[in-house]
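J.: Supplied structure: final.tsv, TSV, C-alpha atoms and all ligand atoms.
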chain	number	residue	atom	x	y	z
R	2	MET	CA	0.00	0.00	0.00
R	3	SER	CA	1.28	3.43	-0.90
R	4	LEU	CA	2.39	5.71	1.92
R	5	TRP	CA	0.66	8.66	0.27
R	6	THR	CA	-3.02	7.90	-0.25
R	7	GLN	CA	-4.37	10.46	-2.68
R	8	ALA	CA	-7.86	11.94	-2.64
R	9	ARG	CA	-10.32	10.55	-5.15
R	10	ARG	CA	-10.41	13.94	-6.86
R	11	SER	CA	-6.73	13.68	-7.73
R	12	ALA	CA	-7.66	11.00	-10.25
R	13	ARG	CA	-9.33	13.83	-12.21
R	14	LEU	CA	-6.04	15.76	-12.36
R	15	ASN	CA	-4.41	14.29	-15.42
R	16	PRO	CA	-1.51	15.48	-17.53
R	17	SER	CA	-2.97	16.62	-20.79
R	18	ILE	CA	-1.61	14.45	-23.64
R	19	ILE	CA	-1.71	17.52	-25.77
R	20	ARG	CA	0.39	19.53	-23.33
R	21	GLU	CA	2.97	16.75	-23.43
R	22	ILE	CA	3.07	16.79	-27.21
R	23	LEU	CA	3.29	20.54	-27.22
R	24	LYS	CA	6.47	20.52	-25.13
R	25	VAL	CA	8.14	19.48	-28.38
R	26	THR	CA	6.91	22.65	-29.97
R	27	GLU	CA	9.03	24.76	-27.63
R	28	GLN	CA	12.03	23.66	-29.71
R	29	PRO	CA	13.70	26.46	-31.65
R	30	GLY	CA	12.79	26.51	-35.31
R	31	ILE	CA	9.17	25.41	-34.83
R	32	LEU	CA	6.63	27.95	-36.08
R	33	SER	CA	4.11	27.48	-33.31
R	34	MET	CA	0.49	28.51	-33.74
R	35	ALA	CA	-0.30	26.41	-30.67
R	36	GLY	CA	0.23	28.78	-27.76
R	37	GLY	CA	-2.60	30.56	-26.02
R	38	LEU	CA	-0.25	33.37	-24.99
R	39	PRO	CA	-0.69	37.03	-25.85
R	40	SER	CA	2.06	38.65	-27.89
R	41	ALA	CA	4.90	39.64	-25.54
R	42	ASP	CA	5.63	42.59	-27.85
R	43	THR	CA	2.46	44.23	-26.53
R	44	PHE	CA	3.58	44.29	-22.89
R	45	PRO	CA	4.05	47.94	-21.79
R	46	VAL	CA	7.40	47.36	-20.10
R	47	GLU	CA	8.32	51.02	-19.56
R	48	ALA	CA	4.97	51.96	-18.05
R	49	ILE	CA	5.24	48.98	-15.71
R	50	ARG	CA	8.80	49.87	-14.71
R	51	ALA	CA	7.72	53.42	-13.87
R	52	ALA	CA	4.70	52.16	-11.91
R	53	CYS	CA	6.90	49.77	-9.89
R	54	ASP	CA	9.12	52.73	-8.97
R	55	THR	CA	6.14	54.87	-7.97
R	56	VAL	CA	4.61	52.12	-5.82
R	57	LEU	CA	7.92	51.37	-4.13
R	58	SER	CA	8.62	55.02	-3.41
R	59	GLN	CA	5.11	56.08	-2.39
R	60	ALA	CA	3.71	53.09	-0.48
R	61	PRO	CA	6.50	50.52	-0.12
R	62	ARG	CA	5.47	49.02	3.20
R	63	GLN	CA	1.78	48.75	2.36
R	64	ALA	CA	2.62	47.24	-1.03
R	65	LEU	CA	4.86	44.59	0.54
R	66	GLN	CA	2.55	43.76	3.46
R	67	TYR	CA	-0.28	41.20	3.57
R	68	ALA	CA	-3.40	42.75	2.08
R	69	ALA	CA	-7.20	42.45	2.01
R	70	SER	CA	-8.63	39.24	0.52
R	71	GLU	CA	-11.22	41.20	-1.48
R	72	GLY	CA	-8.47	43.06	-3.34
R	73	PHE	CA	-7.00	46.58	-3.45
R	74	ALA	CA	-9.95	48.96	-2.99
R	75	PRO	CA	-9.01	51.48	-5.73
R	76	LEU	CA	-8.59	48.62	-8.20
R	77	ARG	CA	-12.03	47.20	-7.30
R	78	GLU	CA	-13.50	50.66	-7.84
R	79	TRP	CA	-11.73	50.93	-11.19
R	80	VAL	CA	-13.16	47.56	-12.26
R	81	ALA	CA	-16.71	48.60	-11.30
R	82	ALA	CA	-16.35	51.90	-13.22
R	83	GLN	CA	-14.92	50.07	-16.25
R	84	LEU	CA	-17.77	47.54	-16.31
R	85	ALA	CA	-20.31	50.40	-16.19
R	86	ARG	CA	-18.94	51.40	-19.62
R	87	GLN	CA	-20.22	48.11	-21.05
R	88	GLY	CA	-23.62	48.44	-19.39
R	89	GLN	CA	-22.89	46.43	-16.24
R	90	VAL	CA	-23.98	48.21	-13.07
R	91	VAL	CA	-22.05	46.69	-10.16
R	92	SER	CA	-20.88	47.85	-6.76
R	93	PRO	CA	-17.13	47.65	-6.05
R	94	ASP	CA	-18.22	45.43	-3.12
R	95	GLN	CA	-19.16	42.76	-5.66
R	96	VAL	CA	-15.66	42.70	-7.17
R	97	LEU	CA	-13.25	40.05	-5.91
R	98	VAL	CA	-9.70	40.39	-7.24
R	99	THR	CA	-8.36	36.96	-8.19
R	100	THR	CA	-4.98	35.50	-9.04
R	101	GLY	CA	-5.81	35.36	-12.75
R	102	SER	CA	-9.33	34.57	-13.89
R	103	GLN	CA	-8.14	30.95	-13.80
R	104	GLN	CA	-8.38	31.19	-10.02
R	105	GLY	CA	-11.91	32.58	-10.42
R	106	LEU	CA	-12.83	29.36	-12.25
R	107	ASP	CA	-11.35	27.28	-9.45
R	108	LEU	CA	-13.24	29.25	-6.78
R	109	VAL	CA	-16.48	28.82	-8.72
R	110	GLY	CA	-15.87	25.06	-8.85
R	111	LYS	CA	-15.06	24.94	-5.15
R	112	VAL	CA	-18.14	26.88	-4.07
R	113	MET	CA	-20.70	25.65	-6.62
R	114	VAL	CA	-19.90	22.06	-7.57
R	115	ASP	CA	-20.54	18.93	-5.54
R	116	ALA	CA	-19.35	15.58	-6.83
R	117	GLY	CA	-21.94	14.43	-9.38
R	118	ALA	CA	-23.52	17.88	-9.78
R	119	PRO	CA	-24.50	18.83	-13.34
R	120	VAL	CA	-22.54	21.66	-15.01
R	121	ALA	CA	-23.27	22.79	-18.57
R	122	VAL	CA	-20.43	23.74	-20.92
R	123	GLU	CA	-20.15	24.83	-24.53
R	124	THR	CA	-19.14	22.49	-27.37
R	125	PRO	CA	-16.20	23.10	-27.62
R	126	THR	CA	-15.23	24.97	-24.43
R	127	TYR	CA	-12.12	26.41	-22.73
R	128	LEU	CA	-9.82	23.56	-21.78
R	129	GLY	CA	-8.58	25.40	-18.65
R	130	ALA	CA	-12.13	25.62	-17.29
R	131	LEU	CA	-12.54	21.86	-17.62
R	132	GLN	CA	-9.23	21.48	-15.77
R	133	ALA	CA	-10.41	23.86	-13.04
R	134	PHE	CA	-13.83	22.22	-12.59
R	135	ASN	CA	-12.76	18.56	-12.98
R	136	PRO	CA	-11.38	18.04	-9.43
R	137	TYR	CA	-14.81	18.96	-8.05
R	138	GLU	CA	-16.20	16.02	-10.04
R	139	PRO	CA	-19.08	17.59	-11.95
R	140	ILE	CA	-21.12	15.74	-14.52
R	141	TYR	CA	-20.91	17.83	-17.66
R	142	THR	CA	-23.69	18.49	-20.10
R	143	SER	CA	-22.26	19.60	-23.45
R	144	LEU	CA	-24.57	22.29	-24.86
R	145	ALA	CA	-25.38	21.70	-28.52
R	146	SER	CA	-24.21	24.56	-30.79
R	147	ASP	CA	-24.97	25.90	-34.23
R	148	GLY	CA	-22.96	28.42	-36.30
R	149	GLN	CA	-24.04	31.15	-33.86
R	150	GLY	CA	-22.84	29.47	-30.64
R	151	PRO	CA	-24.64	27.45	-27.96
R	152	ARG	CA	-28.33	26.93	-28.70
R	153	PRO	CA	-30.89	28.43	-26.28
R	154	GLU	CA	-32.97	25.24	-26.62
R	155	ALA	CA	-30.03	23.32	-25.15
R	156	ILE	CA	-30.23	25.49	-22.03
R	157	ALA	CA	-34.01	25.03	-21.88
R	158	ALA	CA	-33.49	21.26	-22.01
R	159	LEU	CA	-31.11	21.17	-19.01
R	160	PRO	CA	-32.30	19.21	-15.97
R	161	HIS	CA	-34.41	21.49	-13.74
R	162	ASP	CA	-35.19	19.05	-10.99
R	163	ALA	CA	-32.87	18.35	-8.11
R	164	PRO	CA	-29.99	18.15	-8.52
R	165	GLY	CA	-30.45	21.08	-10.94
R	166	THR	CA	-27.67	22.29	-13.21
R	167	ARG	CA	-25.34	24.33	-11.00
R	168	PHE	CA	-24.46	26.75	-13.79
R	169	ALA	CA	-23.85	27.08	-17.51
R	170	TYR	CA	-20.28	28.17	-18.29
R	171	LEU	CA	-20.43	30.52	-21.30
R	172	LEU	CA	-17.80	32.50	-23.26
R	173	PRO	CA	-19.64	35.12	-25.34
R	174	ASN	CA	-16.62	37.00	-26.76
R	175	PHE	CA	-14.09	35.57	-29.26
R	176	GLN	CA	-14.31	32.24	-27.55
R	177	ASN	CA	-11.25	30.17	-26.73
R	178	PRO	CA	-10.98	27.96	-28.78
R	179	SER	CA	-13.52	28.74	-31.53
R	180	GLY	CA	-12.99	32.51	-31.87
R	181	ARG	CA	-16.72	33.13	-32.33
R	182	VAL	CA	-18.62	36.02	-30.77
R	183	LEU	CA	-22.28	35.72	-29.72
R	184	SER	CA	-24.71	38.11	-31.42
R	185	ASP	CA	-26.93	40.41	-29.38
R	186	GLU	CA	-29.92	38.26	-30.33
R	187	ARG	CA	-28.26	35.03	-29.25
R	188	ARG	CA	-27.19	36.57	-25.93
R	189	GLN	CA	-30.74	37.69	-25.28
R	190	ALA	CA	-32.13	34.26	-26.16
R	191	LEU	CA	-29.59	32.42	-24.00
R	192	VAL	CA	-30.28	34.65	-21.00
R	193	ALA	CA	-34.05	34.27	-21.47
R	194	ALA	CA	-33.68	30.47	-21.63
R	195	ALA	CA	-31.43	30.42	-18.57
R	196	GLN	CA	-33.85	32.61	-16.60
R	197	ALA	CA	-36.79	30.40	-17.56
R	198	ALA	CA	-34.86	27.23	-16.65
R	199	ARG	CA	-33.44	28.87	-13.49
R	200	VAL	CA	-29.90	27.95	-14.50
R	201	PRO	CA	-27.34	30.58	-13.43
R	202	ILE	CA	-24.54	31.55	-15.80
R	203	VAL	CA	-20.79	31.84	-15.30
R	204	GLU	CA	-19.63	34.31	-17.98
R	205	ASP	CA	-15.91	34.24	-18.80
R	206	ASN	CA	-14.67	37.28	-20.73
R	207	PRO	CA	-10.89	37.60	-21.08
R	208	TYR	CA	-11.01	38.55	-24.79
R	209	GLY	CA	-13.90	41.06	-25.00
R	210	ASP	CA	-11.64	44.11	-25.41
R	211	LEU	CA	-9.72	42.56	-28.31
R	212	TRP	CA	-12.32	43.40	-30.99
R	213	PHE	CA	-11.30	44.51	-34.48
R	214	ASP	CA	-14.02	46.56	-36.16
R	215	ALA	CA	-16.76	46.87	-33.55
R	216	PRO	CA	-17.07	46.11	-29.85
R	217	PRO	CA	-19.13	43.04	-28.96
R	218	PRO	CA	-22.69	43.40	-27.66
R	219	ALA	CA	-23.31	43.96	-23.93
R	220	PRO	CA	-22.30	41.09	-21.65
R	221	LEU	CA	-24.76	38.51	-20.33
R	222	ALA	CA	-24.17	39.92	-16.83
R	223	ALA	CA	-25.65	43.29	-17.91
R	224	ARG	CA	-28.85	41.46	-18.91
R	225	TRP	CA	-29.34	39.35	-15.78
R	226	PRO	CA	-27.19	40.74	-12.94
R	227	GLU	CA	-28.48	38.43	-10.20
R	228	GLY	CA	-28.12	35.32	-12.35
R	229	VAL	CA	-24.65	35.82	-13.87
R	230	LEU	CA	-21.24	35.52	-12.24
R	231	TYR	CA	-18.76	37.42	-14.42
R	232	LEU	CA	-15.01	36.79	-14.82
R	233	GLY	CA	-12.53	39.31	-16.21
R	234	SER	CA	-8.76	39.45	-16.64
R	235	PHE	CA	-5.81	41.80	-17.20
R	236	SER	CA	-3.85	39.03	-18.93
R	237	LYS	CA	-4.80	39.86	-22.51
R	238	VAL	CA	-4.92	43.66	-22.28
R	239	LEU	CA	-1.81	44.25	-20.14
R	240	THR	CA	0.26	41.18	-19.21
R	241	PRO	CA	-0.50	37.71	-17.84
R	242	GLY	CA	2.64	37.78	-15.67
R	243	PHE	CA	0.97	39.68	-12.82
R	244	ARG	CA	-1.69	36.92	-12.62
R	245	LEU	CA	-4.39	39.50	-12.14
R	246	GLY	CA	-8.07	38.89	-12.78
R	247	TYR	CA	-11.36	39.49	-11.04
R	248	LEU	CA	-14.80	38.09	-10.58
R	249	VAL	CA	-18.01	39.97	-10.07
R	250	ALA	CA	-20.51	38.00	-8.03
R	251	PRO	CA	-24.14	38.57	-7.11
R	252	PRO	CA	-24.14	39.71	-3.43
R	253	ALA	CA	-25.73	36.44	-2.25
R	254	LEU	CA	-22.76	34.44	-3.53
R	255	TYR	CA	-19.88	36.82	-2.76
R	256	PRO	CA	-19.14	35.83	0.88
R	257	LYS	CA	-18.56	32.17	0.07
R	258	LEU	CA	-16.31	32.98	-2.87
R	259	LEU	CA	-14.35	35.33	-0.62
R	260	GLN	CA	-13.92	32.59	2.00
R	261	ALA	CA	-12.80	30.15	-0.70
R	262	LYS	CA	-10.31	32.76	-1.90
R	263	GLN	CA	-8.97	33.22	1.65
R	264	ALA	CA	-8.48	29.48	1.93
R	265	ALA	CA	-6.73	29.35	-1.43
R	266	ASP	CA	-4.13	32.13	-1.13
R	267	LEU	CA	-5.28	34.75	1.42
R	268	HIS	CA	-5.11	37.40	-1.29
R	269	THR	CA	-3.71	38.18	-4.72
R	270	PRO	CA	-0.27	39.84	-4.43
R	271	GLY	CA	-0.86	43.40	-3.23
R	272	PHE	CA	2.24	44.69	-5.00
R	273	ASN	CA	0.93	43.46	-8.36
R	274	GLN	CA	-2.47	45.03	-7.75
R	275	ARG	CA	-0.97	48.39	-6.85
R	276	VAL	CA	1.38	48.38	-9.84
R	277	VAL	CA	-1.40	47.53	-12.26
R	278	PHE	CA	-3.64	50.18	-10.72
R	279	GLU	CA	-0.82	52.72	-11.01
R	280	VAL	CA	-0.45	51.87	-14.72
R	281	ILE	CA	-4.14	51.99	-15.62
R	282	LYS	CA	-5.63	54.57	-13.27
R	283	ASN	CA	-5.51	57.51	-15.70
R	284	GLY	CA	-6.92	55.88	-18.83
R	285	PHE	CA	-3.76	54.07	-20.01
R	286	LEU	CA	-5.73	51.13	-21.44
R	287	ASP	CA	-7.78	53.46	-23.66
R	288	GLN	CA	-4.55	54.21	-25.56
R	289	HIS	CA	-2.86	50.86	-25.14
R	290	VAL	CA	-5.58	48.36	-26.07
R	291	PRO	CA	-6.20	49.90	-29.52
R	292	THR	CA	-2.54	49.19	-30.36
R	293	ILE	CA	-3.04	45.52	-29.45
R	294	ARG	CA	-6.21	45.39	-31.55
R	295	ALA	CA	-4.47	46.88	-34.58
R	296	ARG	CA	-1.60	44.44	-34.30
R	297	TYR	CA	-3.81	41.37	-33.85
R	298	GLN	CA	-6.13	42.49	-36.64
R	299	ALA	CA	-3.19	42.61	-39.09
R	300	GLN	CA	-2.02	39.16	-37.96
R	301	CYS	CA	-5.58	37.82	-38.25
R	302	ALA	CA	-5.80	39.17	-41.82
R	303	ALA	CA	-2.48	37.49	-42.68
R	304	MET	CA	-3.77	34.16	-41.38
R	305	ALA	CA	-7.13	34.47	-43.15
R	306	ASP	CA	-5.30	35.19	-46.39
R	307	ALA	CA	-2.90	32.26	-45.93
R	308	LEU	CA	-5.70	29.85	-44.99
R	309	SER	CA	-7.68	30.69	-48.10
R	310	ARG	CA	-4.58	30.23	-50.26
R	311	HIS	CA	-3.09	27.07	-48.77
R	312	LEU	CA	-5.68	24.87	-47.13
R	313	PRO	CA	-7.22	22.00	-49.05
R	314	GLU	CA	-10.81	22.15	-50.17
R	315	GLY	CA	-13.22	20.95	-47.55
R	316	THR	CA	-11.46	22.74	-44.68
R	317	GLU	CA	-13.99	24.84	-42.77
R	318	TRP	CA	-13.14	28.01	-40.85
R	319	GLN	CA	-14.54	31.44	-40.13
R	320	ARG	CA	-12.63	34.67	-39.82
R	321	PRO	CA	-12.78	35.82	-36.20
R	322	GLN	CA	-13.87	39.39	-35.45
R	323	GLY	CA	-11.49	39.68	-32.49
R	324	GLY	CA	-9.53	37.65	-29.94
R	325	MET	CA	-6.57	35.44	-30.75
R	326	PHE	CA	-7.76	32.24	-32.46
R	327	PHE	CA	-8.91	30.56	-35.67
R	328	TRP	CA	-10.82	27.32	-35.32
R	329	LEU	CA	-10.50	24.89	-38.23
R	330	ARG	CA	-12.44	21.80	-39.21
R	331	LEU	CA	-10.30	19.68	-41.51
R	332	PRO	CA	-11.63	17.66	-44.44
R	333	ALA	CA	-13.00	14.18	-43.81
R	334	GLY	CA	-10.22	11.68	-43.22
R	335	CYS	CA	-8.01	14.13	-41.24
R	336	ASP	CA	-7.52	13.60	-37.50
R	337	ALA	CA	-5.81	16.69	-36.05
R	338	LEU	CA	-4.25	14.85	-33.09
R	339	ALA	CA	-2.93	12.00	-35.26
R	340	LEU	CA	-1.47	14.52	-37.74
R	341	LEU	CA	0.31	16.64	-35.11
R	342	PRO	CA	3.59	14.63	-35.14
R	343	GLN	CA	3.79	15.08	-38.93
R	344	ALA	CA	3.09	18.78	-38.54
R	345	VAL	CA	5.80	19.14	-35.87
R	346	ALA	CA	8.26	17.19	-38.04
R	347	ALA	CA	7.48	19.65	-40.85
R	348	GLY	CA	8.21	22.58	-38.50
R	349	ILE	CA	4.82	23.83	-37.27
R	350	ALA	CA	2.49	23.27	-34.31
R	351	TYR	CA	-1.20	23.75	-33.52
R	352	VAL	CA	-3.53	22.54	-30.77
R	353	PRO	CA	-5.74	19.61	-31.75
R	354	GLY	CA	-9.36	20.46	-30.97
R	355	ALA	CA	-10.01	17.24	-29.02
R	356	ALA	CA	-8.80	18.83	-25.75
R	357	PHE	CA	-11.61	21.35	-25.79
R	358	TYR	CA	-14.55	18.96	-25.58
R	359	ALA	CA	-16.13	17.72	-22.35
R	360	HIS	CA	-17.56	14.74	-24.20
R	361	GLU	CA	-17.08	13.22	-27.60
R	362	ALA	CA	-14.54	15.31	-29.49
R	363	ASP	CA	-14.66	16.27	-33.13
R	364	ALA	CA	-11.28	14.84	-34.17
R	365	ARG	CA	-11.20	17.00	-37.31
R	366	THR	CA	-10.91	20.29	-35.39
R	367	LEU	CA	-7.85	22.30	-34.41
R	368	ARG	CA	-7.01	25.73	-32.95
R	369	LEU	CA	-4.52	28.18	-34.45
R	370	SER	CA	-3.30	31.28	-32.62
R	371	PHE	CA	-2.53	34.22	-34.89
R	372	VAL	CA	-0.93	36.52	-32.31
R	373	THR	CA	2.52	35.12	-31.62
R	374	LEU	CA	3.97	34.88	-35.16
R	375	THR	CA	4.75	37.72	-37.56
R	376	PRO	CA	2.54	37.97	-40.68
R	377	GLU	CA	5.44	36.48	-42.74
R	378	ASP	CA	5.82	33.52	-40.39
R	379	ILE	CA	2.06	33.03	-40.32
R	380	ALA	CA	2.10	32.78	-44.13
R	381	ASN	CA	4.95	30.23	-43.98
R	382	ALA	CA	3.38	28.21	-41.16
R	383	VAL	CA	-0.01	27.98	-42.84
R	384	ALA	CA	1.65	26.99	-46.13
R	385	ILE	CA	3.35	24.12	-44.27
R	386	LEU	CA	0.05	23.12	-42.66
R	387	GLY	CA	-1.56	23.07	-46.10
R	388	ARG	CA	1.24	20.86	-47.41
R	389	VAL	CA	0.98	18.41	-44.50
R	390	LEU	CA	-2.78	18.11	-45.03
R	391	ARG	CA	-2.52	17.68	-48.79
R	392	GLU	CA	0.16	15.00	-48.43
R	393	HIS	CA	-2.00	13.19	-45.91
R	394	LEU	CA	-5.09	13.40	-48.09
R	395	ALA	CA	-3.14	12.26	-51.16
R	396	GLY	CA	-1.64	9.36	-49.16
R	397	SER	CA	-4.94	8.24	-47.71
R	398	ALA	CA	-6.57	8.41	-51.14
R	399	GLU	CA	-4.05	5.90	-52.56
R	400	PRO	CA	-5.44	2.38	-52.82
R	401	THR	CA	-3.92	0.05	-50.21
R	402	PRO	CA	-1.80	-2.68	-51.79
Q	501	LIG	C1	-11.33	31.60	-21.79
Q	501	LIG	C2	-10.25	31.80	-20.78
Q	501	LIG	N1	-10.58	31.96	-19.50
Q	501	LIG	C3	-9.65	32.16	-18.56
Q	501	LIG	C4	-8.31	32.18	-18.88
Q	501	LIG	C5	-7.30	32.38	-17.77
Q	501	LIG	O1	-6.77	33.66	-17.84
Q	501	LIG	P1	-5.94	34.32	-16.65
Q	501	LIG	O2	-4.60	34.60	-17.21
Q	501	LIG	O3	-6.72	35.55	-16.29
Q	501	LIG	O4	-5.91	33.36	-15.51
Q	501	LIG	C6	-7.92	32.03	-20.21
Q	501	LIG	C7	-6.47	32.03	-20.57
Q	501	LIG	O5	-6.06	31.84	-21.65
Q	501	LIG	C8	-8.92	31.84	-21.19
Q	501	LIG	O6	-8.61	31.67	-22.49
How does the structure come out when it is put into structure tokens?
Ligand SMILES: Cc1ncc(COP(=O)(O)O)c(C=O)c1O
T.:
Amino acid sequence: MSLWTQARRSARLNPSIIREILKVTEQPGILSMAGGLPSADTFPVEAIRAACDTVLSQAPRQALQYAASEGFAPLREWVAAQLARQGQVVSPDQVLVTTGSQQGLDLVGKVMVDAGAPVAVETPTYLGALQAFNPYEPIYTSLASDGQGPRPEAIAALPHDAPGTRFAYLLPNFQNPSGRVLSDERRQALVAAAQAARVPIVEDNPYGDLWFDAPPPAPLAARWPEGVLYLGSFSKVLTPGFRLGYLVAPPALYPKLLQAKQAADLHTPGFNQRVVFEVIKNGFLDQHVPTIRARYQAQCAAMADALSRHLPEGTEWQRPQGGMFFWLRLPAGCDALALLPQAVAAGIAYVPGAAFYAHEADARTLRLSFVTLTPEDIANAVAILGRVLREHLAGSAEPTP
């Protein structure tokens, strides 16, 4: 018998096969479209350096001391004021600063999910949310989707009776992995269905500010404040290195999330919160985020152009209107996971779509990030992907001897 008996939930903490494969893609020379990272060229290093100096000269001892679990009060006020700009009326008291929005997902799992409790997720959904919820042993319902996103009828069909669905986890803006944005109509219909079915919503929005031509419609939380728990993040508009995110919870839920947060890490680093507040307090993001948008939009255009030139007929994809990702469905006979070693051998990497499904995966799907390579490298990488797929399709079309 082992000396260290592990909890049953640890069986749900598995290394992702995909993550293992992707370690290979860290090798120099690989043109990787696999990462979910923002472009490091967008990080405002000088502004952050100056803010570190200011914090350390003006409030060094407070910044280096333990701090409040709720978060730095001026930052919580800033978040509430910022959300008001997208139609969300919240009190700063509802804002809980988290160590990345990834921690928000974990806290939601901890507070909301019993073993065997139903949780509804999109098809596909964010892999990191599945990883965060899995240890709490939910039973997932995969919401059926159409070209517009999850279908309102799928929410209406969720189990109402005890044990009811604890929440539906939804990503309205430039979803990771599919890149799609929900229309105003679809948001309204999803919220109406959730209200009728009495299924609360967890709305995850790290990409909403990364729009290209027009901002996305108002968040779900603005439409049903008492029924939506909202997650936001500074990772994609500033830098992920500070691990700074926040959740906005209906007042009835806030105290338990706060206690879960205390148990997890007491508080998010106060120094990081003060530095970020120092950077953003006078409207910095209003100048900075448009530069990220312009950059990503050019990279997105380069990828759209390369995909239409190089990918074999039968490949399905849609041009995203913001965010960081293209989602591809390869022609019949292509399995994205099985083809990854060939792609890596040819010098490129992508993430096979299989990781993003709670249930049966569509093996023909894959995710490409357009933000970490230059437009020239994007063109080269997509040309290589096209070649790998064509060779595979030509090979599989040959009669077997
Ligand atoms: C949909 C989604 N939610 C949450 C996160 C976690 O972000 P953070 O860096 O704020 O923890 C990510 C990160 O890529 C994401 O794509």
J.: Write out as a PyMOL selection string which residues come within 7 Å of stretch 134-140 of chain R when counting all atoms listed in the file, dropping same-chain ones fewer than 6 positions away.
T.: chain R and resi 10-11+13-14+107+110-111+114-120
J.: Take every atom of stretch 296-311 of chain R listed in the file, pad by 4 Å on each side, and give me the axis-aligned box centre and edge lengths in Å, one decimal, as AutoDock Vina command-line options.
T.:
--center_x -4.6 --center_y 35.8 --center_z -42.1 --size_x 14.1 --size_y 25.4 --size_z 24.4
J.: Tell me which of R:Ala68, R:Leu57, R:Ile379, R:Val96 sits closest to R:Met304, counting only C-alpha atoms.
T.: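 Looking at the shortest contact to R:Met304, the residue is R:Ile379.
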J.: Considering all atoms listed in the file, give me a table of residues in chain R that are at most 9 Å from ligand LIG 501 (chain Q), with the closest atom pair and distance in Å for each, as a Markdown table.
T.:
| residue | atom | partner | partner_atom | distance |
| --- | --- | --- | --- | --- |
| R:Gly37 | CA | Q:LIG501 | O5 | 5.7 |
| R:Leu38 | CA | Q:LIG501 | O5 | 6.9 |
| R:Pro39 | CA | Q:LIG501 | O5 | 8.6 |
| R:Thr99 | CA | Q:LIG501 | O3 | 8.4 |
| R:Thr100 | CA | Q:LIG501 | O4 | 6.9 |
| R:Gly101 | CA | Q:LIG501 | O4 | 3.4 |
| R:Ser102 | CA | Q:LIG501 | O3 | 3.7 |
| R:Gln103 | CA | Q:LIG501 | O4 | 3.7 |
| R:Gln104 | CA | Q:LIG501 | O4 | 6.4 |
| R:Gly105 | CA | Q:LIG501 | O4 | 7.9 |
| R:Leu106 | CA | Q:LIG501 | C3 | 7.6 |
| R:Thr126 | CA | Q:LIG501 | C1 | 8.1 |
| R:Tyr127 | CA | Q:LIG501 | C1 | 5.3 |
| R:Leu128 | CA | Q:LIG501 | C1 | 8.2 |
| R:Gly129 | CA | Q:LIG501 | C4 | 6.8 |
| R:Ala130 | CA | Q:LIG501 | N1 | 6.9 |
| R:Leu172 | CA | Q:LIG501 | C1 | 6.7 |
| R:Phe175 | CA | Q:LIG501 | C1 | 8.9 |
| R:Gln176 | CA | Q:LIG501 | C1 | 6.5 |
| R:Asn177 | CA | Q:LIG501 | C1 | 5.1 |
| R:Pro178 | CA | Q:LIG501 | O6 | 7.7 |
| R:Asp205 | CA | Q:LIG501 | N1 | 5.8 |
| R:Asn206 | CA | Q:LIG501 | C1 | 6.7 |
| R:Pro207 | CA | Q:LIG501 | C2 | 5.8 |
| R:Tyr208 | CA | Q:LIG501 | C1 | 7.6 |
| R:Leu232 | CA | Q:LIG501 | C3 | 8.0 |
| R:Gly233 | CA | Q:LIG501 | O3 | 6.9 |
| R:Ser234 | CA | Q:LIG501 | O3 | 4.4 |
| R:Phe235 | CA | Q:LIG501 | O3 | 6.4 |
| R:Ser236 | CA | Q:LIG501 | O2 | 4.8 |
| R:Lys237 | CA | Q:LIG501 | O2 | 7.5 |
| R:Thr240 | CA | Q:LIG501 | O2 | 8.4 |
| R:Pro241 | CA | Q:LIG501 | O2 | 5.2 |
| R:Gly242 | CA | Q:LIG501 | O2 | 8.1 |
| R:Phe243 | CA | Q:LIG501 | O2 | 8.7 |
| R:Arg244 | CA | Q:LIG501 | O2 | 5.9 |
| R:Leu245 | CA | Q:LIG501 | O3 | 6.2 |
| R:Gly246 | CA | Q:LIG501 | O3 | 5.0 |
| R:Tyr247 | CA | Q:LIG501 | O3 | 8.0 |
J.: Compile the contact shell of R:Pro332 as a list of chain:residue names: residues with an atom at most 9 Å away, counting all atoms listed in the file, same-chain residues fewer than 2 positions apart removed.
T.: R:Pro313, R:Glu314, R:Gly315, R:Thr316, R:Glu317, R:Arg330, R:Gly334, R:Cys335, R:Arg365, R:Leu390, R:Leu394
J.: Print the selection's residues with C-alpha atoms to a file, as a PDB file, in the frame of the given file.
T.:
ATOM      1  CA  PRO R 313      -7.220  22.000 -49.050  1.00  0.00           C
ATOM      2  CA  GLU R 314     -10.810  22.150 -50.170  1.00  0.00           C
ATOM      3  CA  GLY R 315     -13.220  20.950 -47.550  1.00  0.00           C
ATOM      4  CA  THR R 316     -11.460  22.740 -44.680  1.00  0.00           C
ATOM      5  CA  GLU R 317     -13.990  24.840 -42.770  1.00  0.00           C
ATOM      6  CA  ARG R 330     -12.440  21.800 -39.210  1.00  0.00           C
ATOM      7  CA  GLY R 334     -10.220  11.680 -43.220  1.00  0.00           C
ATOM      8  CA  CYS R 335      -8.010  14.130 -41.240  1.00  0.00           C
ATOM      9  CA  ARG R 365     -11.200  17.000 -37.310  1.00  0.00           C
ATOM     10  CA  LEU R 390      -2.780  18.110 -45.030  1.00  0.00           C
ATOM     11  CA  LEU R 394      -5.090  13.400 -48.090  1.00  0.00           C
TER      12      LEU R 394
END
J.: Could you work out how far atom CA of R:Ala8 lies from atom CA of R:Val203, giving the answer in Å with one decimal?
T.: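 Spanning atom CA of R:Val203 to atom CA of R:Ala8 is a straight-line distance of 26.9 Å.
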J.: Give me the residues near R:Leu312 as a count of residues only, where near means some atom within 9 Å (using only C-alpha atoms) and where sequence neighbours in that chain fewer than 3 positions away do not count.
T.: 13
